[in-house]
Each structure stands twice: as structure tokens, then as C-alpha cells.
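Enquirer: Sharing structure28.tsv (TSV, C-alpha atoms) below.
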chain	number	residue	atom	x	y	z
A	1	MET	CA	0.00	0.00	0.00
A	2	LYS	CA	1.28	3.46	-0.89
A	3	PRO	CA	2.26	5.84	1.94
A	4	PHE	CA	-0.50	8.19	3.01
A	5	GLN	CA	-0.54	11.85	3.93
A	6	LYS	CA	-1.99	12.56	7.35
A	7	VAL	CA	-4.92	14.96	7.57
A	8	LYS	CA	-3.97	18.06	9.56
A	9	THR	CA	-6.78	18.63	12.03
A	10	ALA	CA	-7.80	21.18	14.66
A	11	VAL	CA	-10.54	21.16	17.28
A	12	ILE	CA	-12.88	24.06	18.02
A	13	GLY	CA	-14.56	23.70	21.41
A	14	CYS	CA	-12.65	22.61	24.52
A	15	GLY	CA	-15.44	21.47	26.83
A	16	LYS	CA	-15.80	18.17	28.64
A	17	ILE	CA	-16.26	15.99	25.55
A	18	SER	CA	-13.07	17.32	23.94
A	19	GLY	CA	-10.86	15.25	26.24
A	20	ILE	CA	-11.81	11.84	24.87
A	21	TYR	CA	-11.87	13.17	21.30
A	22	LEU	CA	-8.35	14.61	21.56
A	23	ASP	CA	-6.98	11.55	23.34
A	24	ASN	CA	-8.33	9.19	20.68
A	25	MET	CA	-7.55	11.36	17.67
A	26	ILE	CA	-3.96	11.91	18.79
A	27	ASN	CA	-3.15	8.45	20.12
A	28	ARG	CA	-5.31	5.98	18.19
A	29	PHE	CA	-5.68	7.14	14.59
A	30	GLU	CA	-2.65	7.29	12.31
A	31	ILE	CA	-4.54	9.22	9.62
A	32	LEU	CA	-4.99	12.28	11.85
A	33	ASP	CA	-2.40	14.93	12.68
A	34	VAL	CA	-4.02	17.05	15.39
A	35	ILE	CA	-2.04	20.27	15.56
A	36	GLY	CA	-4.16	22.50	17.78
A	37	CYS	CA	-7.35	23.36	19.62
A	38	GLY	CA	-9.28	26.56	20.09
A	39	ALA	CA	-12.24	27.95	22.01
A	40	LEU	CA	-13.91	31.25	22.80
A	41	SER	CA	-11.98	31.08	26.06
A	42	LEU	CA	-8.29	31.06	25.15
A	43	GLN	CA	-7.51	30.00	28.72
A	44	ARG	CA	-9.58	26.85	28.29
A	45	ALA	CA	-7.84	26.14	24.97
A	46	GLU	CA	-4.43	26.62	26.60
A	47	GLU	CA	-5.32	24.22	29.42
A	48	LYS	CA	-6.44	21.53	26.98
A	49	ALA	CA	-3.48	22.10	24.66
A	50	LYS	CA	-1.05	21.67	27.54
A	51	VAL	CA	-2.56	18.30	28.47
A	52	PHE	CA	-2.23	16.92	24.94
A	53	GLY	CA	0.96	18.63	23.77
A	54	ILE	CA	-0.65	20.61	20.94
A	55	LYS	CA	-0.99	24.31	20.13
A	56	ALA	CA	-3.58	26.56	21.74
A	57	MET	CA	-5.05	28.61	18.91
A	58	SER	CA	-7.69	31.27	18.53
A	59	ILE	CA	-10.63	30.28	16.35
A	60	ASN	CA	-9.46	32.77	13.72
A	61	ASP	CA	-5.98	31.24	13.77
A	62	ILE	CA	-7.50	27.83	13.04
A	63	LEU	CA	-9.68	29.13	10.22
A	64	ASN	CA	-6.82	31.10	8.65
A	65	ASP	CA	-4.21	28.32	8.82
A	66	PRO	CA	-3.85	27.00	5.24
A	67	GLU	CA	-2.41	23.66	6.43
A	68	ILE	CA	-5.50	22.67	8.42
A	69	GLU	CA	-7.81	20.57	6.27
A	70	LEU	CA	-10.29	19.37	8.87
A	71	VAL	CA	-12.01	21.18	11.72
A	72	VAL	CA	-13.66	19.12	14.46
A	73	ASN	CA	-16.49	21.16	15.98
A	74	LEU	CA	-17.15	20.27	19.64
A	75	THR	CA	-19.01	23.45	20.60
A	76	PRO	CA	-22.51	23.41	22.16
A	77	VAL	CA	-25.28	22.70	19.66
A	78	THR	CA	-26.46	26.32	19.81
A	79	ALA	CA	-23.14	27.39	18.24
A	80	HIS	CA	-22.96	24.69	15.55
A	81	TYR	CA	-24.44	26.67	12.67
A	82	GLU	CA	-22.10	29.64	13.06
A	83	VAL	CA	-18.94	27.58	13.64
A	84	ILE	CA	-19.62	25.16	10.78
A	85	LYS	CA	-20.52	27.95	8.35
A	86	LYS	CA	-17.39	29.96	9.16
A	87	SER	CA	-15.25	26.84	8.84
A	88	LEU	CA	-16.70	25.98	5.44
A	89	GLU	CA	-16.29	29.55	4.23
A	90	ALA	CA	-12.64	29.31	5.29
A	91	GLY	CA	-12.22	26.26	3.07
A	92	LYS	CA	-12.20	23.64	5.83
A	93	ASN	CA	-13.86	20.25	5.89
A	94	VAL	CA	-15.88	19.88	9.09
A	95	TYR	CA	-16.78	17.05	11.44
A	96	THR	CA	-19.26	18.14	14.10
A	97	GLU	CA	-20.67	16.76	17.31
A	98	LYS	CA	-24.37	15.90	17.19
A	99	VAL	CA	-26.66	17.21	15.97
A	100	ILE	CA	-25.41	19.16	12.97
A	101	THR	CA	-27.99	21.86	13.79
A	102	PRO	CA	-31.39	21.50	15.47
A	103	ASP	CA	-33.00	23.42	12.60
A	104	LEU	CA	-33.32	21.48	9.33
A	105	LYS	CA	-33.22	24.64	7.20
A	106	ASP	CA	-29.86	25.58	8.71
A	107	ALA	CA	-28.51	22.06	8.23
A	108	LEU	CA	-29.53	22.02	4.56
A	109	GLU	CA	-27.94	25.44	4.03
A	110	LEU	CA	-24.65	24.14	5.43
A	111	LYS	CA	-24.91	21.07	3.21
A	112	GLU	CA	-25.33	23.32	0.16
A	113	ILE	CA	-22.35	25.51	1.11
A	114	ALA	CA	-20.17	22.40	1.46
A	115	LYS	CA	-21.34	21.06	-1.88
A	116	LYS	CA	-20.59	24.33	-3.70
A	117	GLN	CA	-17.09	24.46	-2.21
A	118	ASN	CA	-16.37	20.75	-2.74
A	119	LEU	CA	-15.98	20.23	1.00
A	120	ARG	CA	-17.22	17.55	3.37
A	121	ILE	CA	-19.34	17.65	6.51
A	122	GLY	CA	-19.36	14.71	8.87
A	123	CYS	CA	-21.50	14.51	11.97
A	124	ALA	CA	-21.86	12.48	15.12
A	125	PRO	CA	-23.04	10.16	16.46
A	126	ASP	CA	-20.30	7.86	15.23
A	127	THR	CA	-21.12	5.05	17.68
A	128	PHE	CA	-22.77	3.19	14.80
A	129	LEU	CA	-19.25	2.56	13.47
A	130	GLY	CA	-18.35	0.71	16.69
A	131	ALA	CA	-18.23	-3.02	17.28
A	132	ALA	CA	-21.77	-3.56	18.58
A	133	ILE	CA	-23.80	-1.82	15.89
A	134	GLN	CA	-21.56	-3.04	13.07
A	135	THR	CA	-21.97	-6.59	14.39
A	136	SER	CA	-25.73	-6.03	14.58
A	137	ARG	CA	-25.81	-4.86	10.99
A	138	LYS	CA	-23.85	-7.97	9.98
A	139	VAL	CA	-26.55	-10.16	11.56
A	140	ILE	CA	-29.32	-8.24	9.79
A	141	ASP	CA	-27.58	-8.09	6.39
A	142	SER	CA	-26.82	-11.82	6.48
A	143	GLY	CA	-30.48	-12.71	7.12
A	144	GLY	CA	-29.92	-13.67	10.74
A	145	ILE	CA	-33.46	-12.70	11.77
A	146	GLY	CA	-35.10	-13.30	8.41
A	147	LYS	CA	-37.03	-10.46	6.82
A	148	VAL	CA	-36.99	-7.39	9.05
A	149	VAL	CA	-40.53	-6.40	10.03
A	150	SER	CA	-40.27	-3.74	12.75
A	151	CYS	CA	-38.05	-2.05	15.31
A	152	HIS	CA	-38.32	-0.25	18.63
A	153	ALA	CA	-36.07	2.21	20.47
A	154	ALA	CA	-36.53	3.65	23.96
A	155	VAL	CA	-34.47	5.48	26.55
A	156	ASN	CA	-35.26	6.97	29.95
A	157	ARG	CA	-33.46	9.62	31.96
A	158	ASP	CA	-34.10	12.01	34.85
A	159	MET	CA	-32.65	15.26	33.53
A	160	GLU	CA	-34.47	17.98	35.44
A	161	PHE	CA	-31.86	18.12	38.19
A	162	LEU	CA	-29.50	19.56	35.53
A	163	TYR	CA	-31.86	22.34	34.46
A	164	TYR	CA	-30.96	25.97	35.06
A	165	PRO	CA	-31.34	29.12	32.93
A	166	GLY	CA	-28.88	28.97	30.04
A	167	ALA	CA	-28.15	25.23	30.32
A	168	PHE	CA	-28.01	23.69	26.84
A	169	HIS	CA	-30.37	20.89	27.95
A	170	THR	CA	-33.14	23.48	28.24
A	171	ALA	CA	-32.70	25.08	24.80
A	172	LYS	CA	-33.91	23.86	21.43
A	173	GLY	CA	-31.71	20.97	20.36
A	174	GLY	CA	-30.84	20.01	23.93
A	175	GLY	CA	-33.87	17.86	24.75
A	176	ILE	CA	-34.08	14.09	25.06
A	177	GLY	CA	-34.75	13.55	21.36
A	178	PHE	CA	-32.00	15.72	19.87
A	179	ASN	CA	-29.43	15.11	22.61
A	180	VAL	CA	-29.91	11.40	23.41
A	181	GLY	CA	-32.50	9.90	21.09
A	182	ILE	CA	-30.28	10.82	18.13
A	183	TYR	CA	-28.01	7.87	19.06
A	184	TYR	CA	-30.91	5.42	18.79
A	185	LEU	CA	-32.27	6.95	15.62
A	186	THR	CA	-28.86	7.02	13.92
A	187	ALA	CA	-28.26	3.37	14.84
A	188	LEU	CA	-31.54	2.39	13.18
A	189	LEU	CA	-30.84	4.51	10.09
A	190	SER	CA	-27.36	2.99	9.73
A	191	ILE	CA	-28.87	-0.51	9.65
A	192	LEU	CA	-32.28	-0.06	8.02
A	193	GLY	CA	-31.76	2.95	5.76
A	194	PRO	CA	-33.92	6.07	5.26
A	195	VAL	CA	-37.40	6.72	6.63
A	196	GLU	CA	-40.39	7.54	4.43
A	197	LYS	CA	-43.07	8.77	6.87
A	198	VAL	CA	-43.16	9.92	10.50
A	199	SER	CA	-45.88	10.64	13.04
A	200	GLY	CA	-45.68	11.29	16.76
A	201	PHE	CA	-45.73	13.68	19.67
A	202	ALA	CA	-43.10	15.86	21.34
A	203	CYS	CA	-43.72	17.99	24.39
A	204	ASN	CA	-42.40	19.23	27.68
A	205	THR	CA	-44.57	17.99	30.51
A	206	ASN	CA	-43.08	20.52	32.90
A	207	PRO	CA	-42.15	23.64	30.89
A	208	GLU	CA	-42.03	25.96	33.92
A	209	HIS	CA	-39.09	24.85	36.00
A	210	THR	CA	-37.66	26.07	39.30
A	211	VAL	CA	-33.98	25.42	40.02
A	212	GLU	CA	-34.10	23.24	43.14
A	213	ASN	CA	-30.48	22.11	43.21
A	214	PRO	CA	-28.49	24.58	45.36
A	215	SER	CA	-25.25	23.63	43.61
A	216	LEU	CA	-26.54	24.94	40.26
A	217	PRO	CA	-26.41	28.54	39.00
A	218	ARG	CA	-29.43	30.76	39.80
A	219	PHE	CA	-30.79	28.49	42.53
A	220	GLY	CA	-34.47	29.15	43.28
A	221	GLU	CA	-35.14	30.92	39.98
A	222	THR	CA	-38.15	29.89	37.87
A	223	PHE	CA	-37.81	29.87	34.08
A	224	MET	CA	-39.30	28.33	30.93
A	225	VAL	CA	-37.74	25.23	29.35
A	226	GLU	CA	-37.77	25.23	25.52
A	227	SER	CA	-36.61	21.66	24.91
A	228	GLU	CA	-38.75	18.52	24.85
A	229	ASN	CA	-38.67	15.98	27.68
A	230	VAL	CA	-40.93	13.47	25.92
A	231	MET	CA	-40.69	12.39	22.28
A	232	ILE	CA	-42.81	9.53	20.93
A	233	SER	CA	-42.92	8.49	17.28
A	234	ASN	CA	-43.99	6.00	14.65
A	235	MET	CA	-41.90	5.56	11.50
A	236	LYS	CA	-42.26	3.83	8.17
A	237	PHE	CA	-38.91	3.09	6.55
A	238	LYS	CA	-38.55	3.13	2.78
A	239	SER	CA	-37.67	-0.55	3.00
A	240	GLY	CA	-41.15	-1.29	4.38
A	241	VAL	CA	-39.99	-1.74	7.98
A	242	TYR	CA	-42.11	-0.09	10.68
A	243	GLY	CA	-40.66	1.39	13.86
A	244	THR	CA	-41.44	3.15	17.11
A	245	MET	CA	-39.40	5.36	19.43
A	246	ASN	CA	-40.05	6.45	23.02
A	247	PHE	CA	-37.65	8.96	24.58
A	248	THR	CA	-38.40	10.35	28.05
A	249	SER	CA	-36.25	12.48	30.37
A	250	ASN	CA	-38.94	13.23	32.95
A	251	THR	CA	-38.71	9.85	34.67
A	252	ILE	CA	-36.08	7.98	36.71
A	253	TRP	CA	-32.54	6.69	36.68
A	254	PRO	CA	-30.95	4.28	35.99
A	255	GLN	CA	-31.13	4.51	32.24
A	256	VAL	CA	-32.56	1.39	30.58
A	257	PRO	CA	-31.64	1.52	26.88
A	258	VAL	CA	-33.81	-0.47	24.47
A	259	LEU	CA	-32.96	-1.02	20.81
A	260	THR	CA	-34.66	-4.03	19.24
A	261	ILE	CA	-35.15	-5.20	15.67
A	262	TYR	CA	-37.81	-7.81	14.92
A	263	GLY	CA	-37.70	-10.21	11.98
A	264	THR	CA	-39.66	-13.16	10.66
A	265	GLU	CA	-37.02	-15.59	11.99
A	266	GLY	CA	-35.74	-13.88	15.12
A	267	ILE	CA	-35.27	-10.84	17.35
A	268	LEU	CA	-32.05	-8.85	17.73
A	269	ASN	CA	-31.40	-6.83	20.89
A	270	ILE	CA	-28.72	-4.18	20.37
A	271	PRO	CA	-26.86	-2.63	23.33
A	272	ASP	CA	-26.83	1.05	24.30
A	273	PRO	CA	-26.11	2.97	21.06
A	274	ASP	CA	-24.55	5.78	23.10
A	275	LYS	CA	-21.64	3.36	23.50
A	276	PHE	CA	-19.44	1.59	20.95
A	277	GLY	CA	-19.52	-1.94	22.36
A	278	GLY	CA	-21.75	-4.19	24.41
A	279	LYS	CA	-23.58	-7.49	24.11
A	280	VAL	CA	-25.52	-8.16	20.91
A	281	LEU	CA	-28.25	-10.70	21.74
A	282	LEU	CA	-30.05	-12.87	19.17
A	283	GLN	CA	-33.14	-14.99	19.79
A	284	LYS	CA	-34.04	-17.21	16.86
A	285	LYS	CA	-37.33	-18.95	16.21
A	286	GLY	CA	-37.59	-21.96	18.54
A	287	MET	CA	-35.08	-20.63	21.11
A	288	LYS	CA	-36.26	-20.07	24.66
A	289	GLU	CA	-33.36	-17.71	25.45
A	290	SER	CA	-31.14	-15.30	23.58
A	291	ILE	CA	-27.56	-16.06	22.64
A	292	GLU	CA	-24.74	-13.52	22.55
A	293	ILE	CA	-23.24	-12.84	19.11
A	294	PRO	CA	-19.46	-12.31	19.35
A	295	ASN	CA	-18.31	-8.95	18.06
A	296	CYS	CA	-16.59	-9.34	14.70
A	297	TYR	CA	-15.48	-5.70	14.48
A	298	GLY	CA	-13.10	-3.41	16.31
A	299	TYR	CA	-13.76	-0.32	18.41
A	300	SER	CA	-15.71	-1.73	21.32
A	301	GLU	CA	-14.44	0.79	23.87
A	302	ASN	CA	-15.05	4.56	23.98
A	303	SER	CA	-13.89	5.55	20.50
A	304	ARG	CA	-15.13	9.13	20.14
A	305	GLY	CA	-13.36	10.47	17.08
A	306	LEU	CA	-13.86	7.26	15.11
A	307	GLY	CA	-16.11	9.12	12.69
A	308	VAL	CA	-13.44	11.80	12.26
A	309	ALA	CA	-10.82	9.18	11.34
A	310	GLU	CA	-13.16	7.32	8.97
A	311	MET	CA	-13.96	10.63	7.26
A	312	ALA	CA	-10.24	11.49	6.99
A	313	TRP	CA	-9.52	8.15	5.33
A	314	ALA	CA	-12.45	8.76	2.97
A	315	MET	CA	-10.91	12.12	2.04
A	316	ARG	CA	-7.62	10.44	1.17
A	317	LYS	CA	-9.30	7.57	-0.70
A	318	ASP	CA	-11.79	9.85	-2.49
A	319	ARG	CA	-14.85	7.89	-1.40
A	320	PRO	CA	-17.99	8.81	0.59
A	321	HIS	CA	-17.65	8.86	4.37
A	322	ARG	CA	-20.18	6.98	6.47
A	323	ALA	CA	-21.08	9.52	9.19
A	324	ASN	CA	-22.13	11.97	6.51
A	325	ILE	CA	-24.23	15.09	6.14
A	326	ASP	CA	-26.99	13.31	4.21
A	327	MET	CA	-27.77	10.89	7.03
A	328	GLY	CA	-27.31	13.69	9.57
A	329	CYS	CA	-29.84	15.92	7.82
A	330	HIS	CA	-32.26	13.02	7.49
A	331	ALA	CA	-32.08	12.39	11.24
A	332	VAL	CA	-32.67	16.08	11.97
A	333	GLU	CA	-35.67	16.08	9.63
A	334	ILE	CA	-37.17	13.08	11.42
A	335	LEU	CA	-36.83	14.72	14.84
A	336	ASN	CA	-38.30	17.99	13.57
A	337	SER	CA	-41.11	16.10	11.83
A	338	ILE	CA	-42.15	14.59	15.15
A	339	ILE	CA	-42.47	18.13	16.51
A	340	LYS	CA	-44.33	19.28	13.38
A	341	CYS	CA	-46.73	16.36	13.65
A	342	THR	CA	-47.46	17.41	17.22
A	343	GLU	CA	-48.35	20.89	15.96
A	344	THR	CA	-50.38	19.87	12.88
A	345	GLY	CA	-51.75	16.43	13.74
A	346	GLN	CA	-50.62	15.24	10.31
A	347	VAL	CA	-48.29	12.44	9.26
A	348	GLN	CA	-45.07	13.89	7.82
A	349	THR	CA	-43.46	12.67	4.59
A	350	MET	CA	-39.68	12.97	4.54
A	351	LYS	CA	-38.10	15.18	1.87
A	352	THR	CA	-34.47	14.26	2.61
A	353	GLU	CA	-32.85	10.89	2.05
A	354	PHE	CA	-29.44	9.26	2.08
A	355	GLU	CA	-27.60	6.34	0.59
A	356	LEU	CA	-26.99	3.45	2.97
A	357	LEU	CA	-23.25	2.88	2.57
A	358	PRO	CA	-21.52	-0.48	3.04
A	359	ALA	CA	-20.72	-1.69	6.54
A	360	LEU	CA	-17.10	-1.69	7.66
A	361	PRO	CA	-15.10	-4.79	6.68
A	362	GLU	CA	-15.17	-7.37	9.47
A	363	GLY	CA	-12.29	-9.10	11.17
A	364	TYR	CA	-10.27	-6.06	12.27
A	365	LEU	CA	-10.71	-6.63	15.98
A	366	ASP	CA	-9.52	-4.81	19.09
A	367	ASN	CA	-6.02	-5.97	20.11
A	368	TYR	CA	-5.90	-8.76	17.52
A	369	PHE	CA	-2.29	-9.58	16.60
A	370	GLY	CA	-1.37	-8.79	13.02
A	371	ARG	CA	-4.37	-6.64	12.15
A	372	ASN	CA	-4.75	-3.00	13.06
A	373	GLN	CA	-8.39	-2.07	13.62
A	374	GLU	CA	-7.83	1.26	11.83
A	375	SER	CA	-7.32	-0.73	8.63
A	376	ALA	CA	-11.10	-1.26	8.56
A	377	LEU	CA	-11.55	2.49	8.07
A	378	ILE	CA	-9.51	2.65	4.89
A	379	ILE	CA	-11.96	0.79	2.65
In C-alpha cells, write the structure found in this file.
Expert:
Amino acid sequence: MKPFQKVKTAVIGCGKISGIYLDNMINRFEILDVIGCGALSLQRAEEKAKVFGIKAMSINDILNDPEIELVVNLTPVTAHYEVIKKSLEAGKNVYTEKVITPDLKDALELKEIAKKQNLRIGCAPDTFLGAAIQTSRKVIDSGGIGKVVSCHAAVNRDMEFLYYPGAFHTAKGGGIGFNVGIYYLTALLSILGPVEKVSGFACNTNPEHTVENPSLPRFGETFMVESENVMISNMKFKSGVYGTMNFTSNTIWPQVPVLTIYGTEGILNIPDPDKFGGKVLLQKKGMKESIEIPNCYGYSENSRGLGVAEMAWAMRKDRPHRANIDMGCHAVEILNSIIKCTETGQVQTMKTEFELLPALPEGYLDNYFGRNQESALII
């Protein structure tokens, strides 16, 4: 194989999630050359840069550096549109944390800017590239549960103890659907392909909230929450599969993730799609209990940044990347369509779509002698 040129990369946004991204991108992926990080707070950027031995840069420095090909946007969702647009206008490819933008119109505008400038946008979640969901797709694609008939996703959380004025959980794009449900939806899309029609309900059952936690800012203050804490939906996939989703953050801990695909010959239970690994359980017709399917792919541990590396390899190999803007926009349209259905009472027909790209090649396992798991990202 011919030598490859690393993709010079910089991170914008130095919050909590940036730690695992930087660690993985610097230490686990040969394709990436992470040269710096930036944030609105230069002090925060300097602190993060010191930990990882890279340059602290202003956002303008990153955008004006001609060597940087790829910007990884880890800012809060409310800043995504502005950061991504400025990065594209500066000639940078962009990989962004989820969701690309909460507003579909903004997401489609960014997609058009990228297209006109021959640039790429990638977007999280990238957990679907991990061992568990790739193994699940292998079972489905090989006919392991027969013809797929339906699917169901559900997640519960108790998020109100985190609410305070200005917290991103309380703004549009920070609710249970956009912030957590997106993992479940993306997992289903990555296995079953695009959705044709959506119906459902989204609401906040307690929109007026008083900060009761004395450790939070503005303790005792009452304010209005803009994000949803319940999102329920029905979906019809273009393939003919039917699905349901139930996301609720006004209930209890611990979280009990549910992601199940039903077929004519069996049922597949997929582990928490917010993680990269976990037990994939298959129950075939005639079985009284499920059996665990061994993972046949790498990246079973926390591999944030996997989507960045896969996109970088795609750039070098001139092929489509898997965590792409088309699937990201489709997911955003589905979530917004649930809200629109709540407002109109009408079933929504999707206008966006995406191509379901091939799964990763199997056999490149974690810590398997003689095969580097990053090799799976090249193809």
C-alpha cells in the first residue's frame, strides 16, 4: 500500500467531551495529525493544549491556517451553525458533534455551502461505526433474523436536576430527542436505511421549572424550558420496515436503553447505542433464550473520534464517508417532523434521504495480533 498523507486537524470547542476526542484522535488514529485546539476562552484552549501537547489557537488562527484541512467542531449545539458555516467559508472540511444543527433549514444550508465548495461535513453520532452496531448490521444483512418487520427504540433519563437558565439541555436541540434519542435513531438509520413517513408527539410535561439544586447557578429561579422531555414516534422506513421510538427524560434513573429489531425468523437486541460496544443478543425462532453474538469488528471501547478518522480516510481515498451530512440531515428532519406532527396532527413525509453505505469490513478486531483495527476504516 502506498504511503498516506496525514490529515492536519484542529478542534474548536474545549469542553468536557473534547478530552476523549483529543486523546483518541492523537493516540489511536494514524490518519490524523491534530495540531491545535481553540475555544472562545483562550484560557480553556491553553489548558487543553497543555494536556495533549498541541498548540492553543484562537478560532481565527485555526480558520486562517492553510495547512489545516479538517475542523472538528465540539461546541454546544447552539453554536454549531455559526462555527460550521465559518469553517466551510474558510475552506475547511468539518466534522461536528451531534446534531449538525437542530433546525433542518440551517442544516440544509450548510450542506449546500459544502457542496458548492467541494468540502465535506461529517457529523456524530459515530457510535454506529463501533463493534456492537456493526456486528448487529452484519446479523441483519446476512439474514440472521429473516425479513426485518419492525423495530423499537426507547431510553429513559431524569434530567431535570441539571436544568438551570442557560443550560443547553433546556434550549432547542438540547432535549431528550436531539441530545440522546439521536443515538438510537442514527443506529436504526445505519442498519435499516432512510425513513419515508413519520408521526408522533413531542412535548415538555413541565415547561415551567424552578432550580431546586443549590449547587446549580441561579438556585431558586423559575424559568421556561424550551426543549422537549418526551418524544414519541412511529416511522415507516422506505424498505417497508415499521418502527417506534419512546424517549423520556422526565422519569427515573438508571437509564434502561432499548434497541430491538424484529424479523420473521428472530429478534435482535442491540446494546446502548450511546456506546461503541456491548452485548448483541439474538433470539431465533424456537429458542427459549437469547444467545450472545461475538463482536466481529473493532472499536468496542469509547472511540469518540472514530467518525473523524473514517472521514479522513475517505478524504484520502476519495470515497464517501459513512457519518455523513446526508444521514445527519435526514435524522434532523425526522426529529423535527415529530415536533411538526405534534403541531399539525398530520403524518409527515420525509423530503431528505441518504444512501446506505456499506458496513465496515469485518475481522479487524480490538487488540488482535497482526491486524490494526484502523485498517477497517480505509476501505
Enquirer: Taking into account all atoms listed in the file, which residue in the set A:Lys147, A:Lys8, A:His80, A:His152 is nearest to Ala312 in chain A?
Expert: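 Closest candidate: A:Lys8.
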Enquirer: Which of these residues is nearest to Ile17 in chain A, using all atoms listed in the file: A:Glu30, A:Val225, A:Arg304, A:Val94?
Expert: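 Answer, going by the shortest atom-to-atom distance: A:Arg304.
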Enquirer: Nearest residue to Ile339 in chain A out of A:Ser233, A:Thr96, A:Ser87, A:Asn179, using only C-alpha atoms?
Expert: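 Selected residue with least distance to Ile339 in chain A: A:Ser233.
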Enquirer: Go ahead and compute the interatomic distance for CA of Glu97 in chain A and CA of Gly175 in chain A, in Å to one decimal.
Expert: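 That distance, rounded to one decimal, is 15.2 Å.
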Enquirer: What's the 8 Å shell around range 284-288 of chain A, counting all atoms listed in the file, without same-chain residues fewer than 4 positions away, as a PDB file with C-alpha atoms, in the frame of the given file?
Expert:
ATOM      1  CA  ILE A 145     -33.460 -12.700  11.770  1.00  0.00           C
ATOM      2  CA  GLU A 265     -37.020 -15.590  11.990  1.00  0.00           C
ATOM      3  CA  GLY A 266     -35.740 -13.880  15.120  1.00  0.00           C
ATOM      4  CA  ILE A 267     -35.270 -10.840  17.350  1.00  0.00           C
TER       5      ILE A 267
END
Enquirer: What's the separation between CA of Leu110 in chain A and CA of Ala323 in chain A, in Å to one decimal place?
Expert: 15.5 Å
Enquirer: Using all atoms listed in the file, can you tell me which of A:Asn118, A:Gln5, A:Asn156, A:Ser150 comes closest to Ile31 in chain A?
Expert: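 Distance minimum relative to Ile31 in chain A lands on A:Gln5.
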Enquirer: Using all atoms listed in the file, determine which residues lie at most 8 Å from Leu129 in chain A, disregarding the query and same-chain residues fewer than 2 positions distant; provide the list as a PyMOL selection string.
Expert: chain A and resi 126-127+131+133-134+276+299+306-307+360
Enquirer: Residues within 12 Å of Asp318 in chain A, please, as a PDB file with C-alpha atoms, in the coordinates of the input. Count only C-alpha atoms; anything in the same chain fewer than 2 positions from it doesn't count.
Expert:
ATOM      1  CA  ASN A 118     -16.370  20.750  -2.740  1.00  0.00           C
ATOM      2  CA  LEU A 119     -15.980  20.230   1.000  1.00  0.00           C
ATOM      3  CA  ARG A 120     -17.220  17.550   3.370  1.00  0.00           C
ATOM      4  CA  GLU A 310     -13.160   7.320   8.970  1.00  0.00           C
ATOM      5  CA  MET A 311     -13.960  10.630   7.260  1.00  0.00           C
ATOM      6  CA  ALA A 312     -10.240  11.490   6.990  1.00  0.00           C
ATOM      7  CA  TRP A 313      -9.520   8.150   5.330  1.00  0.00           C
ATOM      8  CA  ALA A 314     -12.450   8.760   2.970  1.00  0.00           C
ATOM      9  CA  MET A 315     -10.910  12.120   2.040  1.00  0.00           C
ATOM     10  CA  ARG A 316      -7.620  10.440   1.170  1.00  0.00           C
ATOM     11  CA  PRO A 320     -17.990   8.810   0.590  1.00  0.00           C
ATOM     12  CA  HIS A 321     -17.650   8.860   4.370  1.00  0.00           C
ATOM     13  CA  ILE A 378      -9.510   2.650   4.890  1.00  0.00           C
ATOM     14  CA  ILE A 379     -11.960   0.790   2.650  1.00  0.00           C
TER      15      ILE A 379
END
Enquirer: When you draw a straight line from CA of Gly13 in chain A to CA of Phe161 in chain A, how long is it in Å?
Expert: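 Atom-to-atom, CA of Gly13 in chain A to CA of Phe161 in chain A, that is 24.7 Å.
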Enquirer: Tell me which of A:Leu335, A:Met350, A:Leu188, A:Val280 sits closest to Gly173 in chain A, counting only C-alpha atoms.
Expert: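 Selected residue with least distance to Gly173 in chain A: A:Leu335.
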Enquirer: Any idea what's packed within 12 Å of Val51 in chain A, counting only C-alpha atoms, ignoring anything in its chain fewer than 4 positions away? Could you give it as a list in words?
Expert: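 Here the answer would be Cys14, Ser18, Gly19, Ile20, Leu22, Asp23, Ile26, Gly36, Cys37, Arg44, Ala45, Glu46, Glu47, Lys55 and Ala56 of chain A.
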Enquirer: Point out the residue among A:Leu281, A:Ile325, A:Ile261, A:Val308 with the least atom-to-atom distance to Asn24 in chain A, counting all atoms listed in the file.
Expert: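 Smallest distance to Asn24 in chain A is found for A:Val308.
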Enquirer: Find the residues near Phe237 in chain A: any atom within 9 Å, counting all atoms listed in the file, skip ones fewer than 2 places away on the same chain, and give them as a list in words.
Expert: Leu189, Leu192, Gly193, Pro194, Val195, Glu196, Lys197, Val198, Met235, Ser239, Gly240, Val241, Tyr242 and Gly243 of chain A
Enquirer: Which protein, DNA or RNA residues are at most 8 Å from (-43.7, 32.6, 37.4) in the file's coordinates when you count only C-alpha atoms, listed as a short mmCIF file (atom, residue, chain, number, x, y, z; two decimals) with C-alpha atoms, keeping the file's coordinate frame?
Expert:
data_model
loop_
_atom_site.label_atom_id
_atom_site.label_comp_id
_atom_site.auth_asym_id
_atom_site.auth_seq_id
_atom_site.Cartn_x
_atom_site.Cartn_y
_atom_site.Cartn_z
CA GLU A 208 -42.03 25.96 33.92
CA THR A 222 -38.15 29.89 37.87
CA PHE A 223 -37.81 29.87 34.08
#
